[in-house]
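Peer 1: Take this structure first; my questions come after.
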Amino acid sequence: EYGLAKDKLQSLLKSNPEERLILPLKYNLYKIYELLGENDEALITKNEIIKSYPESRYANILEHPDLVSDRDENSPESLYEALYIQHENQEYAEVISKCEEYITAFDGESIVAKFELLKATATGRLYGYKPYSEAINFVAVTYANTPEGKQAQEIESKLITQIANSEFVEASDSIVQNYKVVFKFDNSETSKITTFKDTLNSVLKNVKYYNLKASLDVYDPKTTLVLVHGLKNAQVAKTFDQLLTKENKKKIKAPYFAVSSANYQIIQIHKNLDAYLNLYNN
């Protein structure tokens with residue numbers, strides 16, 4: 001409905017909109033003029049954008065259409081996809097910082113809601129429950145009519161209440177639980193962490209009767225955790241080093257603690273590792 005869209009955008013521009021909305025409104029109006037074959041109006045709007053916003057991404061697209069594609073590496077969509085990959089790689093601090101940069105750069109565009117939701121998710125991973133719930137609420141309220149806003153509303157009404165409890169779960173003989181062995185490192189020890197994880201994985205291959213593997217988890221801005229997965233007995237997890245040969249014990253000297261998967265999830269959600277260690281005297 002390009003004719004209707006044109007009328008709506010023109011009305012919006014005449015209604016004294018927020019400054020941040022004017023440029024994307026004009027650009028979308030220019031595109032509609034082109035689609036309707038209204039070439040004179042399209043040219044006038046194009047020249048207005050280039051003259052009034054010469055440093056903008058829109059002006060660059062209009063002046064150099066042969067050099068800029070909808071899927072170039074600097075398009076909002078490509079930048080979002082690259083950030084999402086960084087999020088999957090647990091680069092949460094970088095994701096938050098870049099999201100804030102792109103939210104400002106693409107102010108007024110629909111993709112801002114996607115950056116806000118990604119920022120909220122990274123915030124939760126890095127800082128825990130309270131900052132996450134606040135960030136999700138912001139997206140739910142501020143972008144209420146977008147798909148991301150509706151997703152945030154669903155998260156707020158369902159997930160946030162489900163994960164609100166920060167109390168640790170006591171072990172039960174009637175429930176089989178998985179356990180993790182956890183080694184704690186300072187984030188500044190990047191090379192040490194990588195080397196330790198690789199060494200640990202090589203050692204775990206020699207452990208008999210268990211199928212164990214190691215992984216890395218970012219805990220907070222200062223701490224990275226190296227985990228051993230595959231244990232189903234609390235006592236075996238607590239005495240993990242006894243599974244190692246004498247030679248391999250020399251390779252894995254870092255202190256560790258044992259935790260059930262359920263309590264590990266609580267630790268990561270509420271960032272209460274110190275409380276867990278104090279409570280269970282690990």
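Chain lettering (A, B, ...) mirrors the order of the structure tokens, residue numbering begins at 1 for each chain separately, and ligand numbering begins at 1 in order of display.
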Give me the residues within 9 Å of Asp217 in chain A as an mmCIF file with all heavy atoms, in the first residue's frame, counting only C-alpha atoms and dropping any in the same chain fewer than 2 places off.

Peer 2:
```
data_model
loop_
_atom_site.group_PDB
_atom_site.id
_atom_site.type_symbol
_atom_site.label_atom_id
_atom_site.label_comp_id
_atom_site.auth_asym_id
_atom_site.auth_seq_id
_atom_site.Cartn_x
_atom_site.Cartn_y
_atom_site.Cartn_z
ATOM 1 N N GLN A 90 30.410 -15.728 23.756
ATOM 2 C CA GLN A 90 30.480 -15.223 25.128
ATOM 3 C C GLN A 90 31.294 -13.928 25.252
ATOM 4 O O GLN A 90 31.849 -13.637 26.312
ATOM 5 C CB GLN A 90 31.053 -16.283 26.084
ATOM 6 C CG GLN A 90 30.244 -17.579 26.117
ATOM 7 C CD GLN A 90 30.672 -18.510 27.225
ATOM 8 O OE1 GLN A 90 30.639 -18.145 28.394
ATOM 9 N NE2 GLN A 90 31.076 -19.727 26.868
ATOM 10 N N SER A 215 34.841 -27.208 29.249
ATOM 11 C CA SER A 215 34.358 -26.050 28.503
ATOM 12 C C SER A 215 34.653 -24.786 29.291
ATOM 13 O O SER A 215 35.009 -24.840 30.472
ATOM 14 C CB SER A 215 32.848 -26.164 28.239
ATOM 15 O OG SER A 215 32.122 -25.997 29.441
ATOM 16 N N TYR A 219 31.814 -15.811 33.644
ATOM 17 C CA TYR A 219 30.979 -15.651 34.842
ATOM 18 C C TYR A 219 30.562 -14.199 35.035
ATOM 19 O O TYR A 219 29.385 -13.887 35.183
ATOM 20 C CB TYR A 219 31.725 -16.152 36.081
ATOM 21 C CG TYR A 219 30.983 -15.874 37.374
ATOM 22 C CD1 TYR A 219 29.794 -16.541 37.673
ATOM 23 C CD2 TYR A 219 31.461 -14.931 38.285
ATOM 24 C CE1 TYR A 219 29.102 -16.275 38.848
ATOM 25 C CE2 TYR A 219 30.782 -14.670 39.464
ATOM 26 C CZ TYR A 219 29.600 -15.331 39.737
ATOM 27 O OH TYR A 219 28.923 -15.056 40.897
ATOM 28 N N THR A 223 35.767 -12.643 35.808
ATOM 29 C CA THR A 223 35.986 -14.068 36.073
ATOM 30 C C THR A 223 35.535 -14.976 34.935
ATOM 31 O O THR A 223 34.445 -14.791 34.378
ATOM 32 C CB THR A 223 35.230 -14.486 37.356
ATOM 33 O OG1 THR A 223 35.548 -13.579 38.409
ATOM 34 C CG2 THR A 223 35.589 -15.902 37.767
ATOM 35 N N THR A 224 36.381 -15.946 34.607
ATOM 36 C CA THR A 224 36.038 -17.015 33.669
ATOM 37 C C THR A 224 36.133 -18.345 34.403
ATOM 38 O O THR A 224 37.046 -18.548 35.210
ATOM 39 C CB THR A 224 36.972 -17.016 32.450
ATOM 40 O OG1 THR A 224 36.724 -15.849 31.671
ATOM 41 C CG2 THR A 224 36.741 -18.239 31.567
ATOM 42 N N LEU A 225 35.209 -19.237 34.128
ATOM 43 C CA LEU A 225 35.186 -20.552 34.766
ATOM 44 C C LEU A 225 35.483 -21.634 33.732
ATOM 45 O O LEU A 225 34.954 -21.602 32.624
ATOM 46 C CB LEU A 225 33.815 -20.807 35.404
ATOM 47 C CG LEU A 225 33.333 -19.760 36.415
ATOM 48 C CD1 LEU A 225 31.919 -20.093 36.879
ATOM 49 C CD2 LEU A 225 34.286 -19.660 37.604
ATOM 50 N N VAL A 226 36.322 -22.575 34.120
ATOM 51 C CA VAL A 226 36.578 -23.765 33.294
ATOM 52 C C VAL A 226 35.858 -24.922 33.953
ATOM 53 O O VAL A 226 36.068 -25.197 35.147
ATOM 54 C CB VAL A 226 38.083 -24.060 33.171
ATOM 55 C CG1 VAL A 226 38.310 -25.318 32.339
ATOM 56 C CG2 VAL A 226 38.809 -22.875 32.545
ATOM 57 N N LEU A 227 35.005 -25.604 33.199
ATOM 58 C CA LEU A 227 34.146 -26.641 33.767
ATOM 59 C C LEU A 227 34.481 -28.024 33.224
ATOM 60 O O LEU A 227 34.873 -28.168 32.065
ATOM 61 C CB LEU A 227 32.675 -26.345 33.451
ATOM 62 C CG LEU A 227 31.989 -25.187 34.157
ATOM 63 C CD1 LEU A 227 32.414 -23.855 33.564
ATOM 64 C CD2 LEU A 227 30.482 -25.322 34.045
#
```

Peer 1: Need to verify the contact set: Phe106 in chain A, 10 Å, only C-alpha atoms, exclusion of same-chain residues closer than 2 positions in sequence. Can you return it as a short mmCIF file (atom, residue, chain, number, x, y, z; two decimals) with C-alpha atoms, in the first residue's frame?

Peer 2:
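Okay, selection-v5.cif is ready:
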```
data_model
loop_
_atom_site.label_atom_id
_atom_site.label_comp_id
_atom_site.auth_asym_id
_atom_site.auth_seq_id
_atom_site.Cartn_x
_atom_site.Cartn_y
_atom_site.Cartn_z
CA ARG A 20 15.91 11.25 15.41
CA PRO A 24 14.68 7.67 8.35
CA SER A 56 24.75 9.98 7.37
CA ARG A 57 24.61 6.40 6.14
CA PRO A 76 22.57 -2.82 10.25
CA GLU A 101 27.08 2.26 19.63
CA TYR A 102 24.72 0.88 16.99
CA ILE A 103 21.58 1.90 18.90
CA THR A 104 22.80 5.49 18.64
CA GLY A 108 14.86 5.70 14.60
CA GLU A 109 15.24 2.47 12.61
CA SER A 110 13.35 -0.72 13.34
CA ILE A 111 16.53 -2.75 13.89
CA VAL A 112 17.27 -0.75 17.06
CA PHE A 115 20.06 -4.43 19.23
#
```

Peer 1: If we count only C-alpha atoms and set the cut-off at 8 Å, which residues sit around Val181 in chain A, ignoring sequence neighbours fewer than 6 positions away in its own chain? Please answer as a PyMOL selection string.

Peer 2: chain A and resi 227-229+237-238+240+256-259

Peer 1: Okay, now the selection with N, CA, C and O atoms, as a PDB file, in the first residue's frame?

Peer 2:
```
ATOM      1  N   LEU A 227      35.005 -25.604  33.199  1.00  0.00           N
ATOM      2  CA  LEU A 227      34.146 -26.641  33.767  1.00  0.00           C
ATOM      3  C   LEU A 227      34.481 -28.024  33.224  1.00  0.00           C
ATOM      4  O   LEU A 227      34.873 -28.168  32.065  1.00  0.00           O
ATOM      5  N   VAL A 228      34.275 -29.021  34.080  1.00  0.00           N
ATOM      6  CA  VAL A 228      34.319 -30.420  33.660  1.00  0.00           C
ATOM      7  C   VAL A 228      32.898 -30.962  33.737  1.00  0.00           C
ATOM      8  O   VAL A 228      32.244 -30.865  34.772  1.00  0.00           O
ATOM      9  N   HIS A 229      32.403 -31.529  32.625  1.00  0.00           N
ATOM     10  CA  HIS A 229      31.045 -32.079  32.561  1.00  0.00           C
ATOM     11  C   HIS A 229      31.099 -33.606  32.480  1.00  0.00           C
ATOM     12  O   HIS A 229      32.069 -34.175  31.979  1.00  0.00           O
ATOM     13  N   ALA A 237      32.592 -35.931  42.170  1.00  0.00           N
ATOM     14  CA  ALA A 237      32.902 -34.577  41.702  1.00  0.00           C
ATOM     15  C   ALA A 237      33.799 -33.848  42.707  1.00  0.00           C
ATOM     16  O   ALA A 237      34.750 -33.160  42.332  1.00  0.00           O
ATOM     17  N   LYS A 238      33.485 -34.011  43.992  1.00  0.00           N
ATOM     18  CA  LYS A 238      34.263 -33.329  45.038  1.00  0.00           C
ATOM     19  C   LYS A 238      35.699 -33.853  45.124  1.00  0.00           C
ATOM     20  O   LYS A 238      36.610 -33.143  45.556  1.00  0.00           O
ATOM     21  N   PHE A 240      37.415 -35.067  42.500  1.00  0.00           N
ATOM     22  CA  PHE A 240      37.735 -35.214  41.077  1.00  0.00           C
ATOM     23  C   PHE A 240      39.195 -35.571  40.824  1.00  0.00           C
ATOM     24  O   PHE A 240      39.511 -36.410  39.975  1.00  0.00           O
ATOM     25  N   TYR A 256      39.742 -26.374  42.718  1.00  0.00           N
ATOM     26  CA  TYR A 256      38.431 -26.527  42.069  1.00  0.00           C
ATOM     27  C   TYR A 256      37.354 -26.705  43.124  1.00  0.00           C
ATOM     28  O   TYR A 256      37.636 -26.928  44.302  1.00  0.00           O
ATOM     29  N   PHE A 257      36.100 -26.587  42.674  1.00  0.00           N
ATOM     30  CA  PHE A 257      34.977 -26.918  43.549  1.00  0.00           C
ATOM     31  C   PHE A 257      33.944 -27.686  42.738  1.00  0.00           C
ATOM     32  O   PHE A 257      33.938 -27.630  41.501  1.00  0.00           O
ATOM     33  N   ALA A 258      33.099 -28.438  43.438  1.00  0.00           N
ATOM     34  CA  ALA A 258      32.044 -29.222  42.789  1.00  0.00           C
ATOM     35  C   ALA A 258      30.702 -28.545  43.001  1.00  0.00           C
ATOM     36  O   ALA A 258      30.454 -27.927  44.041  1.00  0.00           O
ATOM     37  N   VAL A 259      29.820 -28.660  42.004  1.00  0.00           N
ATOM     38  CA  VAL A 259      28.497 -28.043  42.101  1.00  0.00           C
ATOM     39  C   VAL A 259      27.530 -28.820  41.219  1.00  0.00           C
ATOM     40  O   VAL A 259      27.907 -29.305  40.144  1.00  0.00           O
TER      41      VAL A 259
END
```

Peer 1: Residues within 12 Å of Ile22 in chain A, please, as a PyMOL selection string. Count only C-alpha atoms; anything in the same chain fewer than 3 positions from it doesn't count.

Peer 2: chain A and resi 9-19+25-29+45+48-49+52-53+58+107-109

Peer 1: Those residues with C-alpha atoms, as a compact mmCIF listing (two decimals), in the first residue's frame please?

Peer 2:
```txt
# COMPACT_ATOMS: atom_id res chain seq x y z
CA LEU A 9 4.88 9.40 6.21
CA GLN A 10 4.07 12.87 4.85
CA SER A 11 1.63 13.42 7.73
CA LEU A 12 4.25 12.27 10.21
CA LEU A 13 6.83 14.71 8.84
CA LYS A 14 4.34 17.58 9.16
CA SER A 15 3.51 16.69 12.78
CA ASN A 16 6.85 17.85 14.20
CA PRO A 17 8.32 14.38 14.95
CA GLU A 18 11.37 13.75 17.13
CA GLU A 19 14.59 14.82 15.44
CA LEU A 25 11.23 9.08 7.56
CA LYS A 26 12.60 11.07 4.64
CA TYR A 27 14.63 8.14 3.34
CA ASN A 28 11.64 5.79 3.41
CA LEU A 29 9.54 8.48 1.74
CA THR A 45 13.85 14.31 -1.17
CA GLU A 48 17.41 17.21 0.88
CA ILE A 49 18.94 14.17 2.59
CA SER A 52 21.08 18.24 5.27
CA TYR A 53 22.67 14.97 6.43
CA TYR A 58 21.54 7.33 4.08
CA ASP A 107 18.37 5.67 16.03
CA GLY A 108 14.86 5.70 14.60
CA GLU A 109 15.24 2.47 12.61
```

Peer 1: Applying 7 Å and only C-alpha atoms, which residues near Ala152 in chain A remain after dropping the ones on its own chain fewer than 2 positions away? List them as a list in words.

Peer 2: Ile136, Val139, Ala140, Glu148, Gly149, Lys150, Glu154, Ile155 and Glu156 of chain A

Peer 1: Store the residues picked out above in a file with all heavy atoms, as a PDB file, in the first residue's frame.

Peer 2:
```
ATOM      1  N   ILE A 136      15.226  -6.141  30.234  1.00  0.00           N
ATOM      2  CA  ILE A 136      14.093  -6.746  29.531  1.00  0.00           C
ATOM      3  C   ILE A 136      12.851  -5.878  29.683  1.00  0.00           C
ATOM      4  O   ILE A 136      12.092  -5.669  28.725  1.00  0.00           O
ATOM      5  CB  ILE A 136      13.832  -8.178  30.047  1.00  0.00           C
ATOM      6  CG1 ILE A 136      14.898  -9.134  29.513  1.00  0.00           C
ATOM      7  CG2 ILE A 136      12.437  -8.662  29.656  1.00  0.00           C
ATOM      8  CD1 ILE A 136      14.879  -9.333  28.004  1.00  0.00           C
ATOM      9  N   VAL A 139      13.012  -2.967  27.252  1.00  0.00           N
ATOM     10  CA  VAL A 139      12.665  -3.344  25.879  1.00  0.00           C
ATOM     11  C   VAL A 139      11.159  -3.576  25.762  1.00  0.00           C
ATOM     12  O   VAL A 139      10.527  -3.141  24.789  1.00  0.00           O
ATOM     13  CB  VAL A 139      13.433  -4.610  25.448  1.00  0.00           C
ATOM     14  CG1 VAL A 139      13.028  -5.039  24.035  1.00  0.00           C
ATOM     15  CG2 VAL A 139      14.938  -4.367  25.503  1.00  0.00           C
ATOM     16  N   ALA A 140      10.575  -4.242  26.750  1.00  0.00           N
ATOM     17  CA  ALA A 140       9.143  -4.546  26.724  1.00  0.00           C
ATOM     18  C   ALA A 140       8.295  -3.279  26.689  1.00  0.00           C
ATOM     19  O   ALA A 140       7.271  -3.220  25.992  1.00  0.00           O
ATOM     20  CB  ALA A 140       8.768  -5.396  27.940  1.00  0.00           C
ATOM     21  N   GLU A 148      10.353  -7.641  18.889  1.00  0.00           N
ATOM     22  CA  GLU A 148      11.298  -7.764  19.998  1.00  0.00           C
ATOM     23  C   GLU A 148      10.656  -7.328  21.312  1.00  0.00           C
ATOM     24  O   GLU A 148      10.902  -7.920  22.359  1.00  0.00           O
ATOM     25  CB  GLU A 148      12.542  -6.914  19.715  1.00  0.00           C
ATOM     26  CG  GLU A 148      13.399  -7.416  18.572  1.00  0.00           C
ATOM     27  CD  GLU A 148      12.804  -7.129  17.201  1.00  0.00           C
ATOM     28  OE1 GLU A 148      12.007  -6.177  17.077  1.00  0.00           O
ATOM     29  OE2 GLU A 148      13.148  -7.849  16.248  1.00  0.00           O
ATOM     30  N   GLY A 149       9.827  -6.281  21.240  1.00  0.00           N
ATOM     31  CA  GLY A 149       9.111  -5.829  22.433  1.00  0.00           C
ATOM     32  C   GLY A 149       8.156  -6.879  22.943  1.00  0.00           C
ATOM     33  O   GLY A 149       8.058  -7.126  24.152  1.00  0.00           O
ATOM     34  N   LYS A 150       7.461  -7.537  22.033  1.00  0.00           N
ATOM     35  CA  LYS A 150       6.528  -8.601  22.408  1.00  0.00           C
ATOM     36  C   LYS A 150       7.276  -9.808  22.971  1.00  0.00           C
ATOM     37  O   LYS A 150       6.816 -10.455  23.912  1.00  0.00           O
ATOM     38  CB  LYS A 150       5.674  -9.001  21.203  1.00  0.00           C
ATOM     39  CG  LYS A 150       4.666  -7.930  20.802  1.00  0.00           C
ATOM     40  CD  LYS A 150       3.871  -8.357  19.577  1.00  0.00           C
ATOM     41  CE  LYS A 150       2.711  -7.399  19.297  1.00  0.00           C
ATOM     42  NZ  LYS A 150       3.139  -6.030  19.050  1.00  0.00           N
ATOM     43  N   GLU A 154       6.955 -11.372  26.772  1.00  0.00           N
ATOM     44  CA  GLU A 154       6.759 -12.791  27.089  1.00  0.00           C
ATOM     45  C   GLU A 154       7.832 -13.284  28.063  1.00  0.00           C
ATOM     46  O   GLU A 154       7.536 -14.037  28.993  1.00  0.00           O
ATOM     47  CB  GLU A 154       6.798 -13.615  25.800  1.00  0.00           C
ATOM     48  CG  GLU A 154       6.453 -15.081  26.036  1.00  0.00           C
ATOM     49  CD  GLU A 154       6.304 -15.858  24.743  1.00  0.00           C
ATOM     50  OE1 GLU A 154       6.400 -15.247  23.660  1.00  0.00           O
ATOM     51  OE2 GLU A 154       6.089 -17.076  24.815  1.00  0.00           O
ATOM     52  N   ILE A 155       9.071 -12.847  27.844  1.00  0.00           N
ATOM     53  CA  ILE A 155      10.156 -13.196  28.766  1.00  0.00           C
ATOM     54  C   ILE A 155       9.840 -12.684  30.160  1.00  0.00           C
ATOM     55  O   ILE A 155      10.020 -13.378  31.168  1.00  0.00           O
ATOM     56  CB  ILE A 155      11.498 -12.606  28.273  1.00  0.00           C
ATOM     57  CG1 ILE A 155      11.952 -13.321  27.002  1.00  0.00           C
ATOM     58  CG2 ILE A 155      12.581 -12.726  29.362  1.00  0.00           C
ATOM     59  CD1 ILE A 155      13.136 -12.663  26.318  1.00  0.00           C
ATOM     60  N   GLU A 156       9.346 -11.448  30.220  1.00  0.00           N
ATOM     61  CA  GLU A 156       9.046 -10.815  31.506  1.00  0.00           C
ATOM     62  C   GLU A 156       7.925 -11.539  32.243  1.00  0.00           C
ATOM     63  O   GLU A 156       7.984 -11.732  33.465  1.00  0.00           O
ATOM     64  CB  GLU A 156       8.673  -9.356  31.272  1.00  0.00           C
ATOM     65  CG  GLU A 156       8.677  -8.499  32.529  1.00  0.00           C
ATOM     66  CD  GLU A 156       8.548  -7.021  32.204  1.00  0.00           C
ATOM     67  OE1 GLU A 156       7.823  -6.680  31.245  1.00  0.00           O
ATOM     68  OE2 GLU A 156       9.159  -6.215  32.907  1.00  0.00           O
TER      69      GLU A 156
END
```

Peer 1: Give me, as a ChimeraX atom specification, all polymer residues having an atom no more than 9 Å from Lys251 in chain A, counting only C-alpha atoms and skipping those fewer than 5 positions away in the same chain.

Peer 2: /A:196,199-200,203

Peer 1: Write a file of the selected residues as a PDB file, in the first residue's frame, keeping N, CA, C and O atoms.

Peer 2:
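File written: part-v2.pdb
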```pdb
ATOM      1  N   PHE A 196      45.136 -24.070  29.957  1.00  0.00           N
ATOM      2  CA  PHE A 196      44.617 -24.971  30.990  1.00  0.00           C
ATOM      3  C   PHE A 196      43.471 -25.816  30.443  1.00  0.00           C
ATOM      4  O   PHE A 196      43.419 -27.025  30.688  1.00  0.00           O
ATOM      5  N   THR A 199      44.837 -28.490  28.160  1.00  0.00           N
ATOM      6  CA  THR A 199      45.508 -29.522  28.966  1.00  0.00           C
ATOM      7  C   THR A 199      44.489 -30.399  29.676  1.00  0.00           C
ATOM      8  O   THR A 199      44.611 -31.631  29.708  1.00  0.00           O
ATOM      9  N   LEU A 200      43.464 -29.755  30.219  1.00  0.00           N
ATOM     10  CA  LEU A 200      42.421 -30.492  30.931  1.00  0.00           C
ATOM     11  C   LEU A 200      41.708 -31.462  30.003  1.00  0.00           C
ATOM     12  O   LEU A 200      41.470 -32.630  30.365  1.00  0.00           O
ATOM     13  N   VAL A 203      43.829 -34.463  29.424  1.00  0.00           N
ATOM     14  CA  VAL A 203      43.865 -35.303  30.620  1.00  0.00           C
ATOM     15  C   VAL A 203      42.573 -36.105  30.767  1.00  0.00           C
ATOM     16  O   VAL A 203      42.588 -37.288  31.136  1.00  0.00           O
TER      17      VAL A 203
END
```

Peer 1: For Tyr209 in chain A, find every residue with an atom within 12 Å (counting only C-alpha atoms), except residues of its own chain fewer than 2 positions away, and show them as a list in words.

Peer 2: Leu204, Lys205, Asn206, Val207, Asn211, Leu212, Gly230, Leu231, Leu243 and Leu244 of chain A
